[in-house]
Number of protein chains: 2
Amino acid sequence: MKLISGGVCAAKGFAANGIHCGIRKNKSKRDLALIYSEVPASAAAVYTTNLVKGAPLAVTKRHLMNGIAQAVICNSGNANTCNANGIEIAEQMGELLAKELKIDAKDVIVASTGVIGLPLDIAPIAAGIPSLVAGLGNKSVEAAEGIMTTDTRLKEVAVSFEIGGKTCSLGGIAKGSGMIHPNMATMLVFITTDCAISPAMLQKALSTDVQTTFNMVSVDGDTSTNDMVAVLANGMAGNDCIDAEGEAFDSFMKALNTVTVALCRRIAADGEGATKLLECSVSGAKDEATAKTVAKAVVCSSLTKAAMFGADANWGRVLCAIGYSGADVDVNGVDVSFVSPKGEILVCQKGAGVAFSEETAKEILLENEIEIRITLSDGQGSATAWGCDLTYEYVKINGDYRT
Amino acid sequence: MKLISGGVCAAKGFAANGIHCGIRKNKSKRDLALIYSEVPASAAAVYTTNLVKGAPLAVTKRHLMNGIAQAVICNSGNANTCNANGIEIAEQMGELLAKELKIDAKDVIVASTGVIGLPLDIAPIAAGIPSLVAGLGNKSVEAAEGIMTTDTRLKEVAVSFEIGGKTCSLGGIAKGSGMIHPNMATMLVFITTDCAISPAMLQKALSTDVQTTFNMVSVDGDTSTNDMVAVLANGMAGNDCIDAEGEAFDSFMKALNTVTVALCRRIAADGEGATKLLECSVSGAKDEATAKTVAKAVVCSSLTKAAMFGADANWGRVLCAIGYSGADVDVNGVDVSFVSPKGEILVCQKGAGVAFSEETAKEILLENEIEIRITLSDGQGSATAWGCDLTYEYVKINGDYRT
């Protein structure tokens, strides 16, 4: 497997585009994105568990009941959530696009991201769709830009891999910066592949993968109303269609996981206001579920996140988070170290402090990727969670998000 | 019932003091507090559910097994948590104080608050105890100052009330600013009363009360390792001892609740970096547990907290938090309004936005006490939770807490 360029256009038969249609006031920001497959593709998706759900999710869920899709349309600047006419608008987005692309409206995945509770005007979208479609090409970057909200960095990853002698590609784009604490699904992620795989196996691959990837990311503990991860697999690589578990499925899972983990890291690193990516790795837990609970509690702890912003080796915050996580842990068997490209420093052993150089700790923690390594003494379970530091900028961004 | 002055010295037979003994470097900050009852008192306490527990909690728990105590000693500047010799030091604190006061060491409640994982030196405490005891008097303020960490405001409340023709007093002091998300117990709160009540009924009153008071406060979602609420009731008011439920117990509960709710509000308002007290009131829920879950999710939402800091009427953040709270709620029957001394403004009705004046909303939200009023359409359950806004200052305080 190797990393390649091209994002959602890396796989054969996919094109994309992103334009400014006028939902956002700032004309230099794209606000409408399209991903298109030349042929109908197997499709799978997972969605937010928030009871308050964006209208596009209901429409997409209905469209994906047959496991087939051919295009994704997504706007930014407005979540189309908590609006009386939300479903109607989301359906119109799908229908207008389908008409322009000459495909079935039921084969369109519809998504929106942005402010909640503001009616979404269909007019700029309707006006923009012709040029959105006319401009389709090798434009993964433009599509990735079109779904960004408070994101500061573009998130795009692709890999190529072999299945049965055929070269397949799989790539994705993501948006996500605030309101990130996925549960069963997450933020907006669109993945395309030319690998041939049945809708059922594609859904199985995605649903399994998110448990250790997107569901282990948290920026601020707030689970979005519009989270969605969708994958399109159009089969144009020409491999024998994967319709059961086995070696080919494992290869596919590995490629998918490489892309999703890379996107998770990018989403966490670009968390609202973030200056650092935090990775919390837990080993020695009673079981995997316990390790996950601990890892997630640590990356969610406001106090730990603020300490990391300040490059302060305040490991008491980490112990505190482990203690209130609800996980069954022997707190007298906890080791903690901080790791970065500058090295590793042990700060807590068997639940109590050890002497360490504050100077070395500072040097390690001043890096922009920090691993909080927790070793428990309870068993073999391990897990990783991703998050970011808590900064002034996060407060600034969210103190006046709407204006 | 009426509000009176005097804090923990309002009730007959109680004296207090607070001094700087040298645990903190800043000599103008008191770091050792004492509360003393002339006679042994009924005593009850609740503690943090964090698995990582401060050593003083273990010692206090043991001392309170007989339901009797006569003094409270508490230092700030060091939590005496995650230290190999923690229990030994906490025991020494109790023994040294008992010797100076000529009381039984088992009748001392020991508490500590401050940095986790730094060995606590007994020397300054041992040296300070004689003057701490010698200076005992009507010094609730000094004791309240002695337990403060990042608190900016002193928290002290007292009431007088009648039981069977006798006037009783009940007062408390509290510290708590960060690491506040109590579960079954909370921060540090010490309450004294001259009401005569059995240890069992005192424990019952406290354990019941905290469910709707301290357990409904959150500053940052981090449950402390050293939370404790302790009450001493020395019986010197001369009322018939309350040893069962009934009218007298109800009066006592009411007085206790008045003091605890006032302390909750003060703790939330003085949350680290806070500029506003947030009160989330929920009514119309399926049941009380559901109302509590909703209220707490809203005051814990980083996005809602940051929006309140910015006086931004971003009610979508409130709906989002209700949606991910895990509570069983009909999201199409949710009304939300913002209330402050400047008035009330309805921003969401039946789960969707309503037209409202942004100007009026801003005026309401610029106040420093904001109620987020949520009306559900599912039943009769109601609850209130307290929190504060999320500010630059919170990040600053916690970016470099230890130095």
# chains A, B, ... in the order shown; residues from 1 in each chain; ligands from 1
call {"tool": "interface_residues", "arguments": {"of": "chain A", "to": "chain B", "cutoff": "7 Å", "atoms": "only C-alpha atoms", "output": "NGL selection string"}}
result
:A and (50-52 or 82-84 or 116-117 or 220 or 222-225 or 301-303 or 306-310 or 312 or 316 or 320-321 or 323-324 or 331 or 351-353 or 390-392 or 395 or 398-400)
call {"tool": "residues_around", "arguments": {"residues": "region 166-173 of chain B", "least_positions_apart": "4", "cutoff": "8 Å", "atoms": "only C-alpha atoms", "output": "ChimeraX atom specification"}}
result
/B:6-12,140,144,155-162,189-195,237-239,255-256,259-260,263
call {"tool": "closest_residue", "arguments": {"among": "A:Val59, A:Val39, A:Val282, A:Ile163", "to": "Ser112 (chain A)", "atoms": "only C-alpha atoms"}}
result
A:Val59
call {"tool": "residues_around", "arguments": {"residues": "region 67-71 of chain A", "least_positions_apart": "4", "cutoff": "6 Å", "atoms": "only C-alpha atoms", "output": "VMD selection string"}}
result
chain A and resid 35 to 37 40 to 43 107 to 108 199
call {"tool": "select_by_dssp", "arguments": {"residues": "region 32-220 of chain B", "states": "strand (DSSP E or B)", "output": "JSON, numbers by chain"}}
result
{"B": [32, 33, 34, 35, 36, 37, 38, 39, 40, 41, 42, 43, 44, 45, 46, 47, 68, 69, 70, 71, 72, 73, 74, 75, 76, 77, 78, 108, 109, 110, 111, 112, 113, 114, 115, 137, 155, 156, 157, 158, 159, 160, 161, 162, 163, 166, 167, 168, 169, 170, 171, 172, 173, 174, 175, 188, 189, 190, 191, 192, 193, 197, 217]}
call {"tool": "atom_distance", "arguments": {"atom1": "CA of Ala55 (chain B)", "atom2": "CA of Asn78 (chain B)"}}
result
11.4 Å
call {"tool": "closest_residue", "arguments": {"among": "A:Glu288, A:Leu366, A:Val318, A:Lys2", "to": "Gly381 (chain A)", "atoms": "only C-alpha atoms"}}
result
A:Glu288
call {"tool": "residues_around", "arguments": {"residues": "Ser28 (chain B)", "least_positions_apart": "2", "cutoff": "12 Å", "atoms": "only C-alpha atoms", "output": "PyMOL selection string"}}
result
chain B and resi 18-26+30-31+142+145-146
call {"tool": "write_last_selection", "arguments": {"atoms": "N, CA and C atoms", "output": "PDB file, in the first residue's frame"}}
result
ATOM      1  N   GLY B  18      -8.023  30.932  59.685  1.00  0.00           N
ATOM      2  CA  GLY B  18      -7.284  30.618  58.463  1.00  0.00           C
ATOM      3  C   GLY B  18      -5.991  31.406  58.474  1.00  0.00           C
ATOM      4  N   ILE B  19      -4.872  30.734  58.176  1.00  0.00           N
ATOM      5  CA  ILE B  19      -3.571  31.418  58.224  1.00  0.00           C
ATOM      6  C   ILE B  19      -2.723  31.061  57.004  1.00  0.00           C
ATOM      7  N   HIS B  20      -1.649  31.785  56.808  1.00  0.00           N
ATOM      8  CA  HIS B  20      -0.630  31.377  55.840  1.00  0.00           C
ATOM      9  C   HIS B  20       0.440  30.621  56.615  1.00  0.00           C
ATOM     10  N   CYS B  21       0.625  29.327  56.313  1.00  0.00           N
ATOM     11  CA  CYS B  21       1.638  28.569  57.054  1.00  0.00           C
ATOM     12  C   CYS B  21       2.870  28.293  56.194  1.00  0.00           C
ATOM     13  N   GLY B  22       2.770  28.481  54.875  1.00  0.00           N
ATOM     14  CA  GLY B  22       3.958  28.308  54.044  1.00  0.00           C
ATOM     15  C   GLY B  22       3.877  27.220  52.988  1.00  0.00           C
ATOM     16  N   ILE B  23       2.699  26.602  52.810  1.00  0.00           N
ATOM     17  CA  ILE B  23       2.552  25.623  51.731  1.00  0.00           C
ATOM     18  C   ILE B  23       2.594  26.367  50.398  1.00  0.00           C
ATOM     19  N   ARG B  24       1.926  27.500  50.343  1.00  0.00           N
ATOM     20  CA  ARG B  24       1.977  28.363  49.155  1.00  0.00           C
ATOM     21  C   ARG B  24       3.155  29.316  49.274  1.00  0.00           C
ATOM     22  N   LYS B  25       3.726  29.643  48.109  1.00  0.00           N
ATOM     23  CA  LYS B  25       4.856  30.569  48.115  1.00  0.00           C
ATOM     24  C   LYS B  25       4.391  31.987  48.430  1.00  0.00           C
ATOM     25  N   ASN B  26       3.233  32.354  47.885  1.00  0.00           N
ATOM     26  CA  ASN B  26       2.695  33.710  48.066  1.00  0.00           C
ATOM     27  C   ASN B  26       2.246  33.912  49.521  1.00  0.00           C
ATOM     28  N   ARG B  30      -3.662  32.816  52.393  1.00  0.00           N
ATOM     29  CA  ARG B  30      -3.819  31.847  53.481  1.00  0.00           C
ATOM     30  C   ARG B  30      -3.831  30.444  52.870  1.00  0.00           C
ATOM     31  N   ASP B  31      -3.275  29.479  53.573  1.00  0.00           N
ATOM     32  CA  ASP B  31      -3.216  28.128  53.023  1.00  0.00           C
ATOM     33  C   ASP B  31      -3.568  27.039  54.033  1.00  0.00           C
ATOM     34  N   GLU B 142     -11.673  34.132  57.199  1.00  0.00           N
ATOM     35  CA  GLU B 142     -10.282  33.676  57.134  1.00  0.00           C
ATOM     36  C   GLU B 142     -10.217  32.188  56.747  1.00  0.00           C
ATOM     37  N   GLU B 145     -10.991  31.836  53.104  1.00  0.00           N
ATOM     38  CA  GLU B 145      -9.832  32.231  52.299  1.00  0.00           C
ATOM     39  C   GLU B 145      -8.761  31.134  52.305  1.00  0.00           C
ATOM     40  N   GLY B 146      -8.653  30.460  53.421  1.00  0.00           N
ATOM     41  CA  GLY B 146      -7.621  29.429  53.565  1.00  0.00           C
ATOM     42  C   GLY B 146      -7.822  28.225  52.659  1.00  0.00           C
TER      43      GLY B 146
END
call {"tool": "select_by_dssp", "arguments": {"residues": "region 248-356 of chain B", "states": "alpha helix (DSSP H)", "output": "NGL selection string"}}
result
:B and (248-269 or 288-300 or 302-309 or 315-324)
call {"tool": "atom_distance", "arguments": {"atom1": "CA of Gly13 (chain A)", "atom2": "CA of Lys139 (chain A)"}}
result
12.8 Å
call {"tool": "residues_around", "arguments": {"residues": "Ala45 (chain B)", "least_positions_apart": "4", "cutoff": "7 Å", "atoms": "only C-alpha atoms", "output": "MDAnalysis selection string"}}
result
chainID B and resid 203 228:231
call {"tool": "residues_around", "arguments": {"residues": "Glu279 (chain A)", "least_positions_apart": "2", "cutoff": "7 Å", "atoms": "only C-alpha atoms", "output": "ChimeraX atom specification"}}
result
/A:277,281,370-372,384-387
call {"tool": "write_last_selection", "arguments": {"atoms": "C-alpha atoms", "output": "PDB file, in the first residue's frame"}}
result
ATOM      1  CA  LEU A 277      -2.495  17.229  18.005  1.00  0.00           C
ATOM      2  CA  SER A 281      -2.451   5.674  23.629  1.00  0.00           C
ATOM      3  CA  ILE A 370       2.102  15.038  21.595  1.00  0.00           C
ATOM      4  CA  GLU A 371       1.442  11.461  22.619  1.00  0.00           C
ATOM      5  CA  ILE A 372       0.142  10.867  26.127  1.00  0.00           C
ATOM      6  CA  THR A 384      -5.841   5.176  20.812  1.00  0.00           C
ATOM      7  CA  ALA A 385      -7.828   8.410  20.855  1.00  0.00           C
ATOM      8  CA  TRP A 386      -7.115  11.717  19.153  1.00  0.00           C
ATOM      9  CA  GLY A 387      -7.815  15.232  20.293  1.00  0.00           C
TER      10      GLY A 387
END
call {"tool": "residues_around", "arguments": {"residues": "Cys74 (chain A)", "least_positions_apart": "2", "cutoff": "6 Å", "atoms": "only C-alpha atoms", "output": "PyMOL selection string"}}
result
chain A and resi 32-33+110-112
